[in-house]
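So this block is my_file_24.pdb, PDB, C-alpha atoms, pLDDT in the B column:
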MODEL        1
ATOM      1  CA  MET A   1      -4.113  -5.790 -13.339  1.00 89.00           C
ATOM      2  CA  GLN A   2      -1.589  -3.192 -12.137  1.00 94.00           C
ATOM      3  CA  VAL A   3      -2.796  -0.212 -10.115  1.00 96.00           C
ATOM      4  CA  SER A   4      -1.611   2.213  -7.485  1.00 96.00           C
ATOM      5  CA  LEU A   5      -2.040   0.902  -3.947  1.00 95.00           C
ATOM      6  CA  ALA A   6      -4.214   3.963  -3.316  1.00 95.00           C
ATOM      7  CA  HIS A   7      -6.709   2.637  -5.910  1.00 95.00           C
ATOM      8  CA  LEU A   8      -6.672  -1.037  -4.921  1.00 96.00           C
ATOM      9  CA  PRO A   9     -10.234  -2.242  -4.258  1.00 96.00           C
ATOM     10  CA  LEU A  10     -10.959  -3.222  -0.667  1.00 97.00           C
ATOM     11  CA  ASN A  11     -10.361  -6.816   0.457  1.00 97.00           C
ATOM     12  CA  ILE A  12      -8.541  -7.837  -2.749  1.00 97.00           C
ATOM     13  CA  PRO A  13      -5.093  -9.416  -2.197  1.00 97.00           C
ATOM     14  CA  ALA A  14      -2.327  -7.873  -4.295  1.00 98.00           C
ATOM     15  CA  VAL A  15       1.441  -8.080  -4.569  1.00 98.00           C
ATOM     16  CA  VAL A  16       3.685  -5.007  -4.361  1.00 97.00           C
ATOM     17  CA  LEU A  17       5.606  -4.485  -7.599  1.00 97.00           C
ATOM     18  CA  ARG A  18       7.360  -1.176  -6.971  1.00 95.00           C
ATOM     19  CA  VAL A  19       7.623   1.417  -4.221  1.00 94.00           C
ATOM     20  CA  GLY A  20       8.036   4.838  -5.817  1.00 90.00           C
ATOM     21  CA  CYS A  21       7.894   7.914  -3.614  1.00 87.00           C
ATOM     22  CA  SER A  22      10.090  10.518  -1.945  1.00 87.00           C
ATOM     23  CA  LYS A  23      13.316   9.176  -0.478  1.00 91.00           C
ATOM     24  CA  GLU A  24      12.253   9.643   3.151  1.00 92.00           C
ATOM     25  CA  LEU A  25       8.811   8.128   2.615  1.00 91.00           C
ATOM     26  CA  CYS A  26      10.274   5.129   0.745  1.00 91.00           C
ATOM     27  CA  TYR A  27      12.574   4.451   3.675  1.00 92.00           C
ATOM     28  CA  ARG A  28       9.612   4.598   6.064  1.00 92.00           C
ATOM     29  CA  LEU A  29       7.466   2.254   3.969  1.00 92.00           C
ATOM     30  CA  LYS A  30      10.343  -0.192   3.600  1.00 91.00           C
ATOM     31  CA  ASP A  31      10.902  -0.047   7.376  1.00 93.00           C
ATOM     32  CA  PHE A  32       7.261  -1.133   7.762  1.00 92.00           C
ATOM     33  CA  GLY A  33       7.981  -4.061   5.426  1.00 94.00           C
ATOM     34  CA  LEU A  34       6.146  -2.744   2.373  1.00 94.00           C
ATOM     35  CA  VAL A  35       8.673  -3.940  -0.217  1.00 95.00           C
ATOM     36  CA  PRO A  36       8.341  -5.569  -3.668  1.00 97.00           C
ATOM     37  CA  GLY A  37       6.953  -9.087  -3.358  1.00 97.00           C
ATOM     38  CA  THR A  38       4.892  -8.343  -0.233  1.00 97.00           C
ATOM     39  CA  GLU A  39       1.233  -9.387  -0.300  1.00 97.00           C
ATOM     40  CA  VAL A  40      -1.018  -6.525   0.784  1.00 98.00           C
ATOM     41  CA  VAL A  41      -4.776  -6.055   1.240  1.00 98.00           C
ATOM     42  CA  ALA A  42      -6.586  -2.726   1.566  1.00 97.00           C
ATOM     43  CA  ARG A  43      -9.000  -3.357   4.453  1.00 97.00           C
ATOM     44  CA  TYR A  44     -10.606   0.048   5.057  1.00 97.00           C
ATOM     45  CA  ARG A  45     -10.718   3.592   3.660  1.00 96.00           C
ATOM     46  CA  SER A  46     -11.823   6.580   5.669  1.00 96.00           C
ATOM     47  CA  PRO A  47     -15.050   8.234   4.486  1.00 95.00           C
ATOM     48  CA  GLY A  48     -13.108  11.159   3.051  1.00 93.00           C
ATOM     49  CA  GLY A  49     -10.598   8.837   1.417  1.00 91.00           C
ATOM     50  CA  GLY A  50      -7.615  10.411   3.162  1.00 95.00           C
ATOM     51  CA  VAL A  51      -6.513   7.293   5.069  1.00 97.00           C
ATOM     52  CA  THR A  52      -6.278   3.663   3.985  1.00 97.00           C
ATOM     53  CA  ALA A  53      -5.805   0.746   6.396  1.00 97.00           C
ATOM     54  CA  LEU A  54      -3.530  -1.899   4.875  1.00 97.00           C
ATOM     55  CA  GLU A  55      -2.960  -5.449   6.049  1.00 97.00           C
ATOM     56  CA  PHE A  56       0.442  -6.969   5.291  1.00 97.00           C
ATOM     57  CA  ARG A  57       2.974  -9.120   7.138  1.00 95.00           C
ATOM     58  CA  ASN A  58       0.364 -10.096   9.771  1.00 94.00           C
ATOM     59  CA  THR A  59      -0.379  -6.533  10.828  1.00 94.00           C
ATOM     60  CA  VAL A  60      -2.730  -3.693   9.910  1.00 96.00           C
ATOM     61  CA  ILE A  61      -1.395  -0.176   9.483  1.00 95.00           C
ATOM     62  CA  ALA A  62      -3.185   3.002   8.431  1.00 96.00           C
ATOM     63  CA  LEU A  63      -1.360   5.276   6.004  1.00 95.00           C
ATOM     64  CA  ARG A  64      -2.308   8.479   4.248  1.00 95.00           C
ATOM     65  CA  THR A  65      -3.691   7.648   0.841  1.00 93.00           C
ATOM     66  CA  ARG A  66      -1.532  10.332  -0.776  1.00 94.00           C
ATOM     67  CA  ASP A  67       1.565   8.601   0.620  1.00 93.00           C
ATOM     68  CA  ILE A  68       0.802   5.262  -1.023  1.00 94.00           C
ATOM     69  CA  LYS A  69      -0.046   6.560  -4.512  1.00 94.00           C
ATOM     70  CA  GLY A  70       3.480   5.726  -5.695  1.00 93.00           C
ATOM     71  CA  VAL A  71       3.235   2.089  -4.625  1.00 96.00           C
ATOM     72  CA  ARG A  72       2.349  -0.102  -7.612  1.00 97.00           C
ATOM     73  CA  VAL A  73       0.589  -3.415  -7.002  1.00 98.00           C
ATOM     74  CA  GLU A  74      -0.730  -6.236  -9.142  1.00 97.00           C
ATOM     75  CA  TRP A  75      -3.927  -8.177  -8.542  1.00 95.00           C
ATOM     76  CA  ASN A  76      -6.072 -10.564 -10.600  1.00 82.00           C
TER      77      ASN A  76
ENDMDL
END
Just give me the structure of the file as structure tokens.
Amino acid sequence: MQVSLAHLPLNIPAVVLRVGCSKELCYRLKDFGLVPGTEVVARYRSPGGGVTALEFRNTVIALRTRDIKGVRVEWN
């Protein structure tokens, strides 16, 4: 199933298909290593839903949920 990374259920492994966002934000996400083919897991969402903690490439990073809406992932 393909969804936005912002809507990925918690603790479900997925693979990044496409990173679509503003030019500056895409550069930042790619600098973090969030590129097509990367396996990613949403580990935690803040109570208000404004921040999502993502685990990928052996690290956990928290990003604003609005910033990852353009990242498309696929999971089973």
- Specify as a PyMOL selection string each residue included when the PyMOL selection byres ((chain A and resi 44) around 12) is applied to this file. chain A and resi 6-12+41-43+45-55+60-65
- Item | Arg72 of chain A environment, 8 Å, all atoms listed in the file, sequence neighbours closer than 4 positions dropped, as number ranges by chain | A: 2-5, 16-20
- Note on the structure: Atom pair atom CA of Met1 of chain A + atom CA of Lys23 of chain A, distance 26.3 Å
- Message: For a test of reading the model, state the distance in Å between atom CA of Trp75 of chain A and atom CA of Phe56 of chain A, rounded to one decimal.
- Response: 14.6 Å
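For the choices A:Pro13, A:Asn58, A:Ile68, A:Val40, the atom-to-atom distance to Leu25 of chain A is smallest for A:Ile68 when using only C-alpha atoms.
For the choices A:Tyr27, A:Glu39, A:Cys21, A:Phe32, the atom-to-atom distance to Gly70 of chain A is smallest for A:Cys21 when using all atoms listed in the file.
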Would you pull segment 15-26 of chain A out of the block just shown and save all heavy atoms as a PDB file, in the first residue's frame?
ATOM      1  N   VAL A  15       9.222   1.417   2.644  1.00  0.00           N
ATOM      2  CA  VAL A  15      10.322   1.825   1.769  1.00  0.00           C
ATOM      3  C   VAL A  15       9.933   3.138   1.096  1.00  0.00           C
ATOM      4  O   VAL A  15       8.819   3.277   0.587  1.00  0.00           O
ATOM      5  CB  VAL A  15      10.611   0.742   0.704  1.00  0.00           C
ATOM      6  CG1 VAL A  15      11.675   1.212  -0.266  1.00  0.00           C
ATOM      7  CG2 VAL A  15      11.031  -0.544   1.377  1.00  0.00           C
ATOM      8  N   VAL A  16      10.866   4.091   1.091  1.00  0.00           N
ATOM      9  CA  VAL A  16      10.618   5.392   0.461  1.00  0.00           C
ATOM     10  C   VAL A  16      10.572   5.206  -1.052  1.00  0.00           C
ATOM     11  O   VAL A  16      11.466   4.620  -1.648  1.00  0.00           O
ATOM     12  CB  VAL A  16      11.720   6.413   0.844  1.00  0.00           C
ATOM     13  CG1 VAL A  16      11.524   7.714   0.097  1.00  0.00           C
ATOM     14  CG2 VAL A  16      11.735   6.639   2.344  1.00  0.00           C
ATOM     15  N   LEU A  17       9.502   5.715  -1.668  1.00  0.00           N
ATOM     16  CA  LEU A  17       9.351   5.656  -3.113  1.00  0.00           C
ATOM     17  C   LEU A  17       9.747   6.968  -3.776  1.00  0.00           C
ATOM     18  O   LEU A  17      10.376   6.979  -4.825  1.00  0.00           O
ATOM     19  CB  LEU A  17       7.904   5.338  -3.488  1.00  0.00           C
ATOM     20  CG  LEU A  17       7.350   4.010  -2.999  1.00  0.00           C
ATOM     21  CD1 LEU A  17       5.878   3.910  -3.344  1.00  0.00           C
ATOM     22  CD2 LEU A  17       8.132   2.867  -3.614  1.00  0.00           C
ATOM     23  N   ARG A  18       9.325   8.077  -3.160  1.00  0.00           N
ATOM     24  CA  ARG A  18       9.545   9.392  -3.763  1.00  0.00           C
ATOM     25  C   ARG A  18       9.600  10.448  -2.674  1.00  0.00           C
ATOM     26  O   ARG A  18       8.861  10.383  -1.694  1.00  0.00           O
ATOM     27  CB  ARG A  18       8.386   9.702  -4.715  1.00  0.00           C
ATOM     28  CG  ARG A  18       8.469  11.022  -5.430  1.00  0.00           C
ATOM     29  CD  ARG A  18       7.356  11.191  -6.457  1.00  0.00           C
ATOM     30  NE  ARG A  18       6.025  11.004  -5.903  1.00  0.00           N
ATOM     31  CZ  ARG A  18       5.311  11.968  -5.345  1.00  0.00           C
ATOM     32  NH1 ARG A  18       5.784  13.181  -5.236  1.00  0.00           N
ATOM     33  NH2 ARG A  18       4.108  11.716  -4.884  1.00  0.00           N
ATOM     34  N   VAL A  19      10.481  11.406  -2.845  1.00  0.00           N
ATOM     35  CA  VAL A  19      10.577  12.540  -1.926  1.00  0.00           C
ATOM     36  C   VAL A  19      10.125  13.772  -2.699  1.00  0.00           C
ATOM     37  O   VAL A  19      10.833  14.267  -3.568  1.00  0.00           O
ATOM     38  CB  VAL A  19      12.020  12.725  -1.393  1.00  0.00           C
ATOM     39  CG1 VAL A  19      12.089  13.928  -0.468  1.00  0.00           C
ATOM     40  CG2 VAL A  19      12.500  11.475  -0.691  1.00  0.00           C
ATOM     41  N   GLY A  20       8.923  14.240  -2.410  1.00  0.00           N
ATOM     42  CA  GLY A  20       8.379  15.405  -3.104  1.00  0.00           C
ATOM     43  C   GLY A  20       8.083  16.511  -2.104  1.00  0.00           C
ATOM     44  O   GLY A  20       7.254  16.345  -1.217  1.00  0.00           O
ATOM     45  N   CYS A  21       8.781  17.621  -2.238  1.00  0.00           N
ATOM     46  CA  CYS A  21       8.596  18.733  -1.313  1.00  0.00           C
ATOM     47  C   CYS A  21       9.265  19.963  -1.909  1.00  0.00           C
ATOM     48  O   CYS A  21       9.730  19.928  -3.052  1.00  0.00           O
ATOM     49  CB  CYS A  21       9.183  18.393   0.051  1.00  0.00           C
ATOM     50  SG  CYS A  21      10.840  17.715  -0.019  1.00  0.00           S
ATOM     51  N   SER A  22       9.361  21.030  -1.134  1.00  0.00           N
ATOM     52  CA  SER A  22      10.055  22.222  -1.621  1.00  0.00           C
ATOM     53  C   SER A  22      11.527  21.891  -1.842  1.00  0.00           C
ATOM     54  O   SER A  22      12.069  20.959  -1.239  1.00  0.00           O
ATOM     55  CB  SER A  22       9.932  23.370  -0.617  1.00  0.00           C
ATOM     56  OG  SER A  22      10.671  23.086   0.546  1.00  0.00           O
ATOM     57  N   LYS A  23      12.167  22.631  -2.694  1.00  0.00           N
ATOM     58  CA  LYS A  23      13.557  22.361  -3.062  1.00  0.00           C
ATOM     59  C   LYS A  23      14.469  22.311  -1.835  1.00  0.00           C
ATOM     60  O   LYS A  23      15.253  21.376  -1.674  1.00  0.00           O
ATOM     61  CB  LYS A  23      14.029  23.449  -4.029  1.00  0.00           C
ATOM     62  CG  LYS A  23      15.353  23.185  -4.660  1.00  0.00           C
ATOM     63  CD  LYS A  23      15.660  24.274  -5.682  1.00  0.00           C
ATOM     64  CE  LYS A  23      16.959  24.025  -6.395  1.00  0.00           C
ATOM     65  NZ  LYS A  23      17.257  25.056  -7.390  1.00  0.00           N
ATOM     66  N   GLU A  24      14.356  23.300  -0.961  1.00  0.00           N
ATOM     67  CA  GLU A  24      15.225  23.369   0.213  1.00  0.00           C
ATOM     68  C   GLU A  24      14.978  22.193   1.163  1.00  0.00           C
ATOM     69  O   GLU A  24      15.911  21.598   1.698  1.00  0.00           O
ATOM     70  CB  GLU A  24      15.028  24.683   0.972  1.00  0.00           C
ATOM     71  CG  GLU A  24      15.401  25.921   0.191  1.00  0.00           C
ATOM     72  CD  GLU A  24      14.313  26.376  -0.769  1.00  0.00           C
ATOM     73  OE1 GLU A  24      13.139  25.956  -0.618  1.00  0.00           O
ATOM     74  OE2 GLU A  24      14.633  27.131  -1.698  1.00  0.00           O
ATOM     75  N   LEU A  25      13.702  21.879   1.368  1.00  0.00           N
ATOM     76  CA  LEU A  25      13.359  20.776   2.269  1.00  0.00           C
ATOM     77  C   LEU A  25      13.815  19.443   1.686  1.00  0.00           C
ATOM     78  O   LEU A  25      14.328  18.584   2.412  1.00  0.00           O
ATOM     79  CB  LEU A  25      11.863  20.754   2.553  1.00  0.00           C
ATOM     80  CG  LEU A  25      11.386  19.668   3.504  1.00  0.00           C
ATOM     81  CD1 LEU A  25      12.096  19.751   4.844  1.00  0.00           C
ATOM     82  CD2 LEU A  25       9.893  19.744   3.690  1.00  0.00           C
ATOM     83  N   CYS A  26      13.673  19.256   0.381  1.00  0.00           N
ATOM     84  CA  CYS A  26      14.145  18.013  -0.256  1.00  0.00           C
ATOM     85  C   CYS A  26      15.640  17.844  -0.061  1.00  0.00           C
ATOM     86  O   CYS A  26      16.111  16.747   0.222  1.00  0.00           O
ATOM     87  CB  CYS A  26      13.806  18.011  -1.740  1.00  0.00           C
ATOM     88  SG  CYS A  26      12.116  17.489  -2.064  1.00  0.00           S
TER      89      CYS A  26
END
